file work02.txt (compact mmCIF, C-alpha atoms and all ligand atoms)
# COMPACT_ATOMS: atom_id res chain seq x y z
CA MET M 1 -28.24 -172.30 101.38
CA SER M 2 -26.93 -174.71 98.76
CA ARG M 3 -27.96 -178.31 99.29
CA SER M 4 -24.64 -179.42 97.86
CA GLY M 5 -22.55 -177.25 100.21
CA GLY M 6 -20.85 -173.98 99.30
CA ARG M 7 -22.73 -170.82 98.35
CA SER M 8 -25.61 -170.76 95.95
CA LEU M 9 -25.19 -169.00 92.64
CA ARG M 10 -25.58 -165.23 92.84
CA PHE M 11 -27.95 -163.82 90.22
CA VAL M 12 -29.61 -160.63 88.97
CA VAL M 13 -33.38 -160.13 88.87
CA VAL M 14 -33.92 -157.96 85.81
CA THR M 15 -37.13 -155.94 85.91
CA ARG M 16 -38.24 -152.35 85.62
CA ASN M 17 -41.49 -153.16 87.42
CA PRO M 18 -41.21 -152.25 91.15
CA GLY M 19 -44.26 -154.41 91.95
CA LYS M 20 -42.64 -157.51 90.48
CA ALA M 21 -39.34 -156.64 92.17
CA ARG M 22 -41.05 -156.44 95.58
CA GLU M 23 -42.70 -159.83 95.14
CA PHE M 24 -39.47 -161.53 94.04
CA GLU M 25 -37.43 -159.84 96.78
CA LYS M 26 -39.69 -161.22 99.51
CA ILE M 27 -39.54 -164.79 98.24
CA PHE M 28 -35.84 -164.89 97.38
CA SER M 29 -34.87 -163.31 100.73
CA GLU M 30 -37.00 -165.86 102.58
CA CYS M 31 -35.16 -168.59 100.68
CA GLY M 32 -31.76 -167.09 101.61
CA LEU M 33 -30.75 -166.60 97.98
CA ARG M 34 -28.03 -164.19 96.89
CA PHE M 35 -29.38 -161.73 94.33
CA ARG M 36 -29.78 -158.11 93.38
CA VAL M 37 -32.47 -156.31 91.37
CA GLU M 38 -31.47 -154.47 88.20
CA PRO M 39 -34.14 -152.11 86.83
CA MET M 40 -32.89 -152.53 83.27
CA GLU M 41 -35.08 -152.17 80.18
CA THR M 42 -35.01 -155.25 77.95
CA PRO M 43 -36.60 -155.23 74.50
CA GLU M 44 -39.89 -157.19 74.55
CA ILE M 45 -40.34 -159.07 71.32
CA GLN M 46 -43.89 -159.51 70.06
CA SER M 47 -44.69 -163.17 70.43
CA GLU M 48 -47.66 -165.30 71.44
CA ASP M 49 -45.33 -167.38 73.58
CA LEU M 50 -44.41 -166.06 77.05
CA ARG M 51 -41.39 -168.41 77.10
CA GLU M 52 -40.00 -166.94 73.94
CA VAL M 53 -40.42 -163.39 75.25
CA ALA M 54 -38.73 -164.25 78.56
CA GLU M 55 -35.92 -166.18 76.86
CA LYS M 56 -35.04 -163.36 74.47
CA SER M 57 -35.08 -160.84 77.34
CA ALA M 58 -32.84 -163.03 79.50
CA LEU M 59 -30.27 -163.49 76.74
CA TYR M 60 -30.31 -159.76 76.04
CA ALA M 61 -29.83 -158.96 79.74
CA TYR M 62 -26.95 -161.45 80.00
CA ASP M 63 -25.24 -159.87 76.99
CA VAL M 64 -25.33 -156.51 78.73
CA LEU M 65 -24.65 -157.52 82.35
CA ARG M 66 -22.47 -160.64 81.90
CA GLU M 67 -23.85 -162.06 85.15
CA PRO M 68 -26.39 -164.85 85.78
CA VAL M 69 -29.77 -163.28 85.04
CA MET M 70 -33.45 -164.04 85.53
CA VAL M 71 -36.27 -162.33 83.68
CA GLU M 72 -40.00 -162.94 84.05
CA ASP M 73 -42.79 -162.50 81.56
CA ALA M 74 -46.39 -162.76 82.68
CA GLY M 75 -49.85 -162.40 81.24
CA LEU M 76 -53.54 -162.41 82.11
CA PHE M 77 -55.58 -164.94 80.12
CA ILE M 78 -59.35 -164.39 80.14
CA GLU M 79 -61.46 -167.44 79.26
CA ALA M 80 -64.42 -165.60 77.67
CA LEU M 81 -62.02 -163.56 75.50
CA ASN M 82 -60.23 -166.66 74.20
CA GLY M 83 -57.14 -165.97 76.30
CA PHE M 84 -56.91 -162.24 75.53
CA PRO M 85 -54.85 -160.23 76.49
CA GLY M 86 -52.39 -163.07 77.26
CA PRO M 87 -48.87 -162.30 76.01
CA PHE M 88 -50.03 -158.80 75.02
CA SER M 89 -51.07 -157.89 78.58
CA SER M 90 -48.52 -155.16 78.99
CA TYR M 91 -49.65 -153.35 75.81
CA VAL M 92 -53.32 -153.81 76.68
CA TYR M 93 -52.72 -152.51 80.21
CA LYS M 94 -51.03 -149.40 78.79
CA THR M 95 -53.74 -148.78 76.21
CA ILE M 96 -57.15 -149.73 77.66
CA GLY M 97 -56.15 -150.55 81.26
CA VAL M 98 -58.31 -152.21 83.90
CA GLU M 99 -61.34 -150.11 82.97
CA GLY M 100 -61.03 -151.27 79.36
CA ILE M 101 -61.04 -154.91 80.44
CA LEU M 102 -64.08 -154.34 82.68
CA LYS M 103 -65.84 -152.76 79.70
CA LEU M 104 -65.06 -155.77 77.49
CA MET M 105 -66.39 -158.02 80.26
CA ARG M 106 -69.61 -156.05 80.83
CA GLY M 107 -72.54 -158.49 80.89
CA VAL M 108 -70.25 -161.49 80.51
CA GLU M 109 -71.21 -164.24 82.93
CA ASP M 110 -68.18 -166.49 82.58
CA ARG M 111 -65.49 -164.36 84.27
CA ARG M 112 -62.84 -167.06 84.66
CA ALA M 113 -59.27 -165.96 84.08
CA ARG M 114 -55.76 -167.01 84.94
CA PHE M 115 -52.39 -165.38 85.32
CA ILE M 116 -49.38 -167.22 83.93
CA SER M 117 -45.78 -166.41 84.85
CA VAL M 118 -42.69 -167.68 83.06
CA ILE M 119 -39.23 -167.13 84.52
CA ALA M 120 -36.25 -167.53 82.21
CA PHE M 121 -32.81 -167.92 83.75
CA TYR M 122 -29.51 -167.83 81.94
CA SER M 123 -25.92 -168.28 83.04
CA PRO M 124 -23.08 -169.87 81.09
CA ILE M 125 -22.57 -172.54 83.77
CA THR M 126 -26.18 -173.79 83.61
CA GLU M 127 -27.01 -173.25 79.95
CA PRO M 128 -29.26 -173.55 77.99
CA VAL M 129 -31.90 -171.13 79.30
CA LYS M 130 -33.95 -172.69 82.12
CA PHE M 131 -37.70 -172.03 82.50
CA PHE M 132 -39.97 -172.07 85.56
CA THR M 133 -43.71 -171.49 85.26
CA GLY M 134 -46.51 -170.69 87.67
CA GLU M 135 -50.26 -170.18 87.27
CA VAL M 136 -53.14 -168.94 89.36
CA GLU M 137 -56.80 -169.39 88.51
CA GLY M 138 -59.44 -166.88 89.40
CA TYR M 139 -61.97 -164.52 87.91
CA ILE M 140 -62.39 -160.92 86.80
CA SER M 141 -64.24 -158.84 89.39
CA GLU M 142 -67.25 -156.68 88.47
CA GLU M 143 -65.45 -153.52 89.58
CA VAL M 144 -62.01 -152.17 90.51
CA ARG M 145 -61.15 -153.11 94.11
CA GLY M 146 -57.99 -152.19 96.01
CA SER M 147 -54.96 -150.09 95.26
CA LYS M 148 -52.14 -152.44 96.23
CA GLY M 149 -50.05 -154.42 93.78
CA PHE M 150 -49.89 -153.37 90.14
CA GLY M 151 -51.35 -153.93 86.68
CA PHE M 152 -54.54 -155.98 86.66
CA ASP M 153 -54.34 -156.79 90.40
CA PRO M 154 -57.42 -154.66 91.29
CA ILE M 155 -59.69 -156.72 88.99
CA PHE M 156 -58.33 -160.23 89.60
CA VAL M 157 -59.86 -162.42 92.32
CA PRO M 158 -57.84 -165.61 92.95
CA ALA M 159 -60.08 -168.68 93.23
CA GLU M 160 -58.26 -169.98 96.29
CA GLY M 161 -58.55 -166.68 98.15
CA ASP M 162 -61.29 -165.17 100.30
CA GLY M 163 -62.98 -163.10 97.60
CA ARG M 164 -60.60 -160.15 97.70
CA THR M 165 -58.73 -159.05 94.58
CA PHE M 166 -54.92 -159.12 94.48
CA GLY M 167 -55.22 -155.33 94.67
CA GLU M 168 -56.69 -155.69 98.16
CA MET M 169 -53.87 -157.93 99.41
CA GLU M 170 -50.52 -157.22 100.99
CA VAL M 171 -47.56 -158.59 99.06
CA GLU M 172 -47.18 -161.47 101.57
CA GLU M 173 -50.78 -162.55 100.89
CA LYS M 174 -50.45 -162.26 97.13
CA ASN M 175 -47.25 -164.32 97.38
CA LYS M 176 -49.17 -167.20 98.93
CA LEU M 177 -51.30 -167.57 95.81
CA SER M 178 -49.82 -165.84 92.81
CA HIS M 179 -48.52 -167.17 89.51
CA ARG M 180 -45.25 -165.27 90.06
CA ALA M 181 -44.72 -166.70 93.56
CA ARG M 182 -45.30 -170.21 92.25
CA ALA M 183 -42.77 -169.80 89.45
CA ALA M 184 -40.35 -168.03 91.83
CA ARG M 185 -40.44 -170.87 94.39
CA LYS M 186 -39.71 -173.46 91.71
CA PHE M 187 -36.79 -171.32 90.54
CA ALA M 188 -35.58 -170.78 94.13
CA GLU M 189 -35.65 -174.51 94.81
CA TRP M 190 -33.58 -175.18 91.71
CA ILE M 191 -31.01 -172.41 92.07
CA SER M 192 -30.38 -173.11 95.74
CA GLY M 193 -28.85 -176.38 94.54
CA ILE M 194 -26.46 -174.69 92.07
CA ARG M 195 -23.07 -173.87 93.55
CA GLU M 196 -21.18 -170.67 92.90
CA VAL M 197 -18.21 -171.30 90.61
CA THR M 198 -15.39 -168.81 90.42
CA PRO M 199 -14.93 -167.52 86.88
CA PRO M 200 -13.56 -168.44 84.41
CA TYR M 201 -16.31 -171.03 84.21
CA GLU M 202 -14.60 -173.31 81.69
P1 LIG R 301 -44.92 -158.25 81.78
O1 LIG R 301 -44.84 -158.18 80.28
O2 LIG R 301 -44.46 -159.57 82.32
O3 LIG R 301 -44.29 -157.10 82.49
O4 LIG R 301 -46.45 -158.21 82.23
C1 LIG R 301 -47.45 -157.91 81.34
C2 LIG R 301 -48.60 -157.21 82.00
O5 LIG R 301 -49.40 -158.17 82.66
C3 LIG R 301 -48.22 -156.18 83.03
O6 LIG R 301 -48.13 -154.91 82.48
C4 LIG R 301 -49.40 -156.22 83.96
O7 LIG R 301 -50.38 -155.33 83.50
C5 LIG R 301 -49.91 -157.63 83.81
N1 LIG R 301 -49.45 -158.46 84.92
C6 LIG R 301 -48.47 -159.36 84.96
N2 LIG R 301 -48.35 -159.90 86.18
C7 LIG R 301 -49.28 -159.30 86.93
C8 LIG R 301 -49.65 -159.42 88.29
O8 LIG R 301 -49.07 -160.16 89.10
N3 LIG R 301 -50.66 -158.65 88.66
C9 LIG R 301 -51.32 -157.80 87.83
N4 LIG R 301 -51.02 -157.63 86.58
C10 LIG R 301 -50.00 -158.39 86.13
call {"tool": "encode", "arguments": {"input": "work02.txt", "output": "structure tokens"}}
result
Amino acid sequence: MSRSGGRSLRFVVVTRNPGKAREFEKIFSECGLRFRVEPMETPEIQSEDLREVAEKSALYAYDVLREPVMVEDAGLFIEALNGFPGPFSSYVYKTIGVEGILKLMRGVEDRRARFISVIAFYSPITEPVKFFTGEVEGYISEEVRGSKGFGFDPIFVPAEGDGRTFGEMEVEEKNKLSHRARAARKFAEWISGIREVTPPYE
């Protein structure tokens, strides 16, 4: 699928989140990319910058796997809470969860929120680390709706959708609108133009 002829660069999608893996798999397969998913744990540094978190994770994963790697870091940014939980979404999900967010939002009229996704990709033939971002605007629902997807999906209604939460959508539908899908398509477009080089790279 390489625009420049030859085969596109094979890479590893590093994530322990099966929901994320499913979303990436759909998009990358549709694009004819060559990849595998590695459910490896990478240390998540505490940072207010999604890029920094994704970059550190990608470099860590490359050190372990020694193959081209992509790692994604995402967060939910709620307008009325000044962007909270943002880069700390994973911790907040584990501690207070969707119910905790609904509690914080009780009586709040402005329910606007956005998801942001940052993909970091590293391989020695394309260094430095490359970044691809995607966003989706929407709002926090009044109640939990749907059991599909993962994380905050059951309380996030995308503005461009039909009023359903991501938790009420099949992965194909979520992939039409989501932050992750937008970042993934930018990444797919770029990597499909990178040709496989037989190691040693130098
Ligand atoms: P991570 O650090 O990139 O794994 O994501 C941080 C947290 O944000 C996750 O634990 C989820 O709770 C939430 N999150 C990220 N992306 C999504 C999504 O697409 N849907 C719902 N929640 C998400």
call {"tool": "residues_near_ligand", "arguments": {"input": "work02.txt", "ligand": "ligand LIG 301 (chain R)", "cutoff": "6 Å", "atoms": "only C-alpha atoms and all ligand atoms", "output": "PyMOL selection string"}}
result
chain M and resi 72-76+89-90+93+150-153
call {"tool": "atom_distance", "arguments": {"input": "work02.txt", "atom1": "atom CA of Gly138 of chain M", "atom2": "atom CA of Asp49 of chain M"}}
result
21.2 Å
call {"tool": "closest_residue", "arguments": {"input": "work02.txt", "among": "M:Tyr91, M:Tyr122, M:Phe131, M:Phe84", "to": "Val69 of chain M", "atoms": "all atoms listed in the file"}}
result
M:Tyr122
call {"tool": "residues_around", "arguments": {"input": "work02.txt", "residues": "Glu109 of chain M", "least_positions_apart": "3", "cutoff": "12 Å", "atoms": "all atoms listed in the file", "output": "PDB file with C-alpha atoms, keeping the file's coordinate frame"}}
result
ATOM      1  CA  GLU M  79     -61.460-167.440  79.260  1.00  0.00           C
ATOM      2  CA  ALA M  80     -64.420-165.600  77.670  1.00  0.00           C
ATOM      3  CA  LEU M  81     -62.020-163.560  75.500  1.00  0.00           C
ATOM      4  CA  LEU M 104     -65.060-155.770  77.490  1.00  0.00           C
ATOM      5  CA  MET M 105     -66.390-158.020  80.260  1.00  0.00           C
ATOM      6  CA  ARG M 106     -69.610-156.050  80.830  1.00  0.00           C
ATOM      7  CA  ARG M 112     -62.840-167.060  84.660  1.00  0.00           C
ATOM      8  CA  TYR M 139     -61.970-164.520  87.910  1.00  0.00           C
ATOM      9  CA  ILE M 140     -62.390-160.920  86.800  1.00  0.00           C
ATOM     10  CA  SER M 141     -64.240-158.840  89.390  1.00  0.00           C
ATOM     11  CA  GLU M 142     -67.250-156.680  88.470  1.00  0.00           C
TER      12      GLU M 142
END
call {"tool": "atom_distance", "arguments": {"input": "work02.txt", "atom1": "atom CA of Val37 of chain M", "atom2": "atom CA of Val53 of chain M"}}
result
19.3 Å
call {"tool": "closest_residue", "arguments": {"input": "work02.txt", "among": "M:Glu127, M:Glu30, M:Glu48, M:Glu135", "to": "Ser178 of chain M", "atoms": "all atoms listed in the file"}}
result
M:Glu135
call {"tool": "atom_distance", "arguments": {"input": "work02.txt", "atom1": "atom CA of Phe156 of chain M", "atom2": "atom CA of Trp190 of chain M"}}
result
29.0 Å
call {"tool": "closest_residue", "arguments": {"input": "work02.txt", "among": "M:Ala113, M:Leu65, M:Cys31, M:Ile96", "to": "Ile78 of chain M", "atoms": "only C-alpha atoms"}}
result
M:Ala113
call {"tool": "closest_residue", "arguments": {"input": "work02.txt", "among": "M:Gly161, M:Gly19, M:Pro154, M:Gly149", "to": "Ile101 of chain M", "atoms": "only C-alpha atoms"}}
result
M:Pro154
call {"tool": "residues_around", "arguments": {"input": "work02.txt", "residues": "Lys148 of chain M", "least_positions_apart": "3", "cutoff": "8 Å", "atoms": "all atoms listed in the file", "output": "VMD selection string"}}
result
chain M and resid 153 to 154 166 to 170
call {"tool": "write_last_selection", "arguments": {"input": "work02.txt", "atoms": "C-alpha atoms", "output": "PDB file, in the frame of the given file"}}
result
ATOM      1  CA  ASP M 153     -54.340-156.790  90.400  1.00  0.00           C
ATOM      2  CA  PRO M 154     -57.420-154.660  91.290  1.00  0.00           C
ATOM      3  CA  PHE M 166     -54.920-159.120  94.480  1.00  0.00           C
ATOM      4  CA  GLY M 167     -55.220-155.330  94.670  1.00  0.00           C
ATOM      5  CA  GLU M 168     -56.690-155.690  98.160  1.00  0.00           C
ATOM      6  CA  MET M 169     -53.870-157.930  99.410  1.00  0.00           C
ATOM      7  CA  GLU M 170     -50.520-157.220 100.990  1.00  0.00           C
TER       8      GLU M 170
END
call {"tool": "residues_around", "arguments": {"input": "work02.txt", "residues": "segment 20-29 of chain M", "least_positions_apart": "6", "cutoff": "9 Å", "atoms": "all atoms listed in the file", "output": "CSV table (one decimal) with C-alpha atoms, keeping the file's coordinate frame"}}
result
chain,number,residue,atom,x,y,z
M,13,VAL,CA,-33.4,-160.1,88.9
M,14,VAL,CA,-33.9,-158.0,85.8
M,35,PHE,CA,-29.4,-161.7,94.3
M,36,ARG,CA,-29.8,-158.1,93.4
M,37,VAL,CA,-32.5,-156.3,91.4
M,39,PRO,CA,-34.1,-152.1,86.8
M,72,GLU,CA,-40.0,-162.9,84.0
M,149,GLY,CA,-50.0,-154.4,93.8
M,150,PHE,CA,-49.9,-153.4,90.1
M,171,VAL,CA,-47.6,-158.6,99.1
M,172,GLU,CA,-47.2,-161.5,101.6
M,174,LYS,CA,-50.4,-162.3,97.1
M,175,ASN,CA,-47.2,-164.3,97.4
M,180,ARG,CA,-45.2,-165.3,90.1
M,181,ALA,CA,-44.7,-166.7,93.6
M,184,ALA,CA,-40.4,-168.0,91.8
M,185,ARG,CA,-40.4,-170.9,94.4
M,188,ALA,CA,-35.6,-170.8,94.1
call {"tool": "residues_near_point", "arguments": {"input": "work02.txt", "point": "(-21.4, -162.1, 86.9)", "cutoff": "8 Å", "atoms": "all atoms listed in the file", "output": "number ranges by chain"}}
result
M: 10-11, 65-68
call {"tool": "write_last_selection", "arguments": {"input": "work02.txt", "atoms": "C-alpha atoms", "output": "short mmCIF file (atom, residue, chain, number, x, y, z; two decimals), keeping the file's coordinate frame"}}
result
data_model
loop_
_atom_site.label_atom_id
_atom_site.label_comp_id
_atom_site.auth_asym_id
_atom_site.auth_seq_id
_atom_site.Cartn_x
_atom_site.Cartn_y
_atom_site.Cartn_z
CA ARG M 10 -25.58 -165.23 92.84
CA PHE M 11 -27.95 -163.82 90.22
CA LEU M 65 -24.65 -157.52 82.35
CA ARG M 66 -22.47 -160.64 81.90
CA GLU M 67 -23.85 -162.06 85.15
CA PRO M 68 -26.39 -164.85 85.78
#
call {"tool": "axis_aligned_box", "arguments": {"input": "work02.txt", "around": "segment 40-44 of chain M", "padding_each_side": "4 Å", "output": "AutoDock Vina command-line options"}}
result
--center_x -36.4 --center_y -154.7 --center_z 78.9 --size_x 15.0 --size_y 13.0 --size_z 16.8
call {"tool": "residues_around", "arguments": {"input": "work02.txt", "residues": "Ser47 of chain M", "least_positions_apart": "3", "cutoff": "9 Å", "atoms": "only C-alpha atoms", "output": "ChimeraX atom specification"}}
result
/M:44,50,52-53,87-88
call {"tool": "closest_residue", "arguments": {"input": "work02.txt", "among": "M:Val12, M:Val197, M:Leu177, M:Val108", "to": "Ala120 of chain M", "atoms": "only C-alpha atoms"}}
result
M:Val12
call {"tool": "closest_residue", "arguments": {"input": "work02.txt", "among": "M:Leu33, M:Met40, M:Val129, M:Val98", "to": "Glu55 of chain M", "atoms": "all atoms listed in the file"}}
result
M:Val129
call {"tool": "decode", "arguments": {"input": "work02.txt", "residues": "segment 73-85 of chain M", "atoms": "all heavy atoms", "output": "PDB file, in the first residue's frame"}}
result
ATOM      1  N   ASP M  73      -1.873   8.191  23.600  1.00  0.00           N
ATOM      2  CA  ASP M  73      -2.341   8.654  24.894  1.00  0.00           C
ATOM      3  C   ASP M  73      -3.538   9.563  24.620  1.00  0.00           C
ATOM      4  O   ASP M  73      -3.519  10.354  23.679  1.00  0.00           O
ATOM      5  CB  ASP M  73      -1.243   9.406  25.645  1.00  0.00           C
ATOM      6  CG  ASP M  73      -1.577   9.483  27.125  1.00  0.00           C
ATOM      7  OD1 ASP M  73      -1.816   8.421  27.732  1.00  0.00           O
ATOM      8  OD2 ASP M  73      -1.647  10.596  27.675  1.00  0.00           O
ATOM      9  N   ALA M  74      -4.578   9.383  25.419  1.00  0.00           N
ATOM     10  CA  ALA M  74      -5.806  10.144  25.162  1.00  0.00           C
ATOM     11  C   ALA M  74      -6.350  10.696  26.467  1.00  0.00           C
ATOM     12  O   ALA M  74      -5.995  10.230  27.556  1.00  0.00           O
ATOM     13  CB  ALA M  74      -6.850   9.242  24.508  1.00  0.00           C
ATOM     14  N   GLY M  75      -7.219  11.675  26.361  1.00  0.00           N
ATOM     15  CA  GLY M  75      -7.827  12.231  27.561  1.00  0.00           C
ATOM     16  C   GLY M  75      -9.150  12.905  27.244  1.00  0.00           C
ATOM     17  O   GLY M  75      -9.410  13.294  26.099  1.00  0.00           O
ATOM     18  N   LEU M  76      -9.970  13.007  28.285  1.00  0.00           N
ATOM     19  CA  LEU M  76     -11.271  13.685  28.195  1.00  0.00           C
ATOM     20  C   LEU M  76     -11.127  15.041  28.874  1.00  0.00           C
ATOM     21  O   LEU M  76     -10.734  15.113  30.044  1.00  0.00           O
ATOM     22  CB  LEU M  76     -12.332  12.846  28.925  1.00  0.00           C
ATOM     23  CG  LEU M  76     -13.724  13.472  29.061  1.00  0.00           C
ATOM     24  CD1 LEU M  76     -14.398  13.608  27.697  1.00  0.00           C
ATOM     25  CD2 LEU M  76     -14.605  12.613  29.989  1.00  0.00           C
ATOM     26  N   PHE M  77     -11.430  16.106  28.146  1.00  0.00           N
ATOM     27  CA  PHE M  77     -11.272  17.470  28.657  1.00  0.00           C
ATOM     28  C   PHE M  77     -12.651  18.104  28.781  1.00  0.00           C
ATOM     29  O   PHE M  77     -13.311  18.344  27.766  1.00  0.00           O
ATOM     30  CB  PHE M  77     -10.378  18.284  27.708  1.00  0.00           C
ATOM     31  CG  PHE M  77      -8.959  17.762  27.616  1.00  0.00           C
ATOM     32  CD1 PHE M  77      -8.672  16.593  26.925  1.00  0.00           C
ATOM     33  CD2 PHE M  77      -7.924  18.436  28.245  1.00  0.00           C
ATOM     34  CE1 PHE M  77      -7.374  16.107  26.849  1.00  0.00           C
ATOM     35  CE2 PHE M  77      -6.613  17.959  28.182  1.00  0.00           C
ATOM     36  CZ  PHE M  77      -6.343  16.788  27.479  1.00  0.00           C
ATOM     37  N   ILE M  78     -13.071  18.380  30.025  1.00  0.00           N
ATOM     38  CA  ILE M  78     -14.412  18.920  30.259  1.00  0.00           C
ATOM     39  C   ILE M  78     -14.325  20.433  30.496  1.00  0.00           C
ATOM     40  O   ILE M  78     -13.612  20.888  31.414  1.00  0.00           O
ATOM     41  CB  ILE M  78     -15.092  18.213  31.452  1.00  0.00           C
ATOM     42  CG1 ILE M  78     -15.196  16.695  31.161  1.00  0.00           C
ATOM     43  CG2 ILE M  78     -16.484  18.804  31.725  1.00  0.00           C
ATOM     44  CD1 ILE M  78     -15.717  15.869  32.321  1.00  0.00           C
ATOM     45  N   GLU M  79     -15.047  21.158  29.644  1.00  0.00           N
ATOM     46  CA  GLU M  79     -14.997  22.633  29.652  1.00  0.00           C
ATOM     47  C   GLU M  79     -15.277  23.227  31.034  1.00  0.00           C
ATOM     48  O   GLU M  79     -14.493  24.017  31.560  1.00  0.00           O
ATOM     49  CB  GLU M  79     -16.047  23.138  28.650  1.00  0.00           C
ATOM     50  CG  GLU M  79     -15.795  24.509  28.093  1.00  0.00           C
ATOM     51  CD  GLU M  79     -14.729  24.517  27.002  1.00  0.00           C
ATOM     52  OE1 GLU M  79     -14.574  23.494  26.308  1.00  0.00           O
ATOM     53  OE2 GLU M  79     -14.055  25.539  26.875  1.00  0.00           O
ATOM     54  N   ALA M  80     -16.404  22.833  31.643  1.00  0.00           N
ATOM     55  CA  ALA M  80     -16.831  23.429  32.914  1.00  0.00           C
ATOM     56  C   ALA M  80     -15.889  23.076  34.070  1.00  0.00           C
ATOM     57  O   ALA M  80     -15.943  23.708  35.130  1.00  0.00           O
ATOM     58  CB  ALA M  80     -18.256  22.969  33.244  1.00  0.00           C
ATOM     59  N   LEU M  81     -15.042  22.071  33.864  1.00  0.00           N
ATOM     60  CA  LEU M  81     -14.091  21.672  34.914  1.00  0.00           C
ATOM     61  C   LEU M  81     -12.673  22.114  34.529  1.00  0.00           C
ATOM     62  O   LEU M  81     -11.684  21.506  34.961  1.00  0.00           O
ATOM     63  CB  LEU M  81     -14.139  20.153  35.136  1.00  0.00           C
ATOM     64  CG  LEU M  81     -15.510  19.535  35.470  1.00  0.00           C
ATOM     65  CD1 LEU M  81     -15.392  18.012  35.636  1.00  0.00           C
ATOM     66  CD2 LEU M  81     -16.083  20.147  36.760  1.00  0.00           C
ATOM     67  N   ASN M  82     -12.588  23.139  33.696  1.00  0.00           N
ATOM     68  CA  ASN M  82     -11.300  23.680  33.249  1.00  0.00           C
ATOM     69  C   ASN M  82     -10.379  22.621  32.646  1.00  0.00           C
ATOM     70  O   ASN M  82      -9.171  22.635  32.848  1.00  0.00           O
ATOM     71  CB  ASN M  82     -10.561  24.382  34.409  1.00  0.00           C
ATOM     72  CG  ASN M  82     -11.320  25.588  34.902  1.00  0.00           C
ATOM     73  OD1 ASN M  82     -11.948  26.296  34.109  1.00  0.00           O
ATOM     74  ND2 ASN M  82     -11.305  25.804  36.204  1.00  0.00           N
ATOM     75  N   GLY M  83     -10.979  21.696  31.895  1.00  0.00           N
ATOM     76  CA  GLY M  83     -10.164  20.695  31.187  1.00  0.00           C
ATOM     77  C   GLY M  83      -9.933  19.414  31.965  1.00  0.00           C
ATOM     78  O   GLY M  83      -9.332  18.465  31.452  1.00  0.00           O
ATOM     79  N   PHE M  84     -10.382  19.359  33.206  1.00  0.00           N
ATOM     80  CA  PHE M  84     -10.269  18.140  34.009  1.00  0.00           C
ATOM     81  C   PHE M  84     -11.163  17.061  33.374  1.00  0.00           C
ATOM     82  O   PHE M  84     -12.236  17.409  32.867  1.00  0.00           O
ATOM     83  CB  PHE M  84     -10.751  18.440  35.435  1.00  0.00           C
ATOM     84  CG  PHE M  84     -10.710  17.258  36.377  1.00  0.00           C
ATOM     85  CD1 PHE M  84      -9.548  16.936  37.067  1.00  0.00           C
ATOM     86  CD2 PHE M  84     -11.845  16.463  36.549  1.00  0.00           C
ATOM     87  CE1 PHE M  84      -9.525  15.845  37.935  1.00  0.00           C
ATOM     88  CE2 PHE M  84     -11.812  15.378  37.415  1.00  0.00           C
ATOM     89  CZ  PHE M  84     -10.658  15.075  38.104  1.00  0.00           C
ATOM     90  N   PRO M  85     -10.802  15.769  33.386  1.00  0.00           N
ATOM     91  CA  PRO M  85      -9.569  15.186  33.930  1.00  0.00           C
ATOM     92  C   PRO M  85      -8.380  15.219  32.983  1.00  0.00           C
ATOM     93  O   PRO M  85      -7.259  14.949  33.398  1.00  0.00           O
ATOM     94  CB  PRO M  85      -9.968  13.732  34.212  1.00  0.00           C
ATOM     95  CG  PRO M  85     -11.066  13.432  33.257  1.00  0.00           C
ATOM     96  CD  PRO M  85     -11.795  14.722  33.044  1.00  0.00           C
TER      97      PRO M  85
END
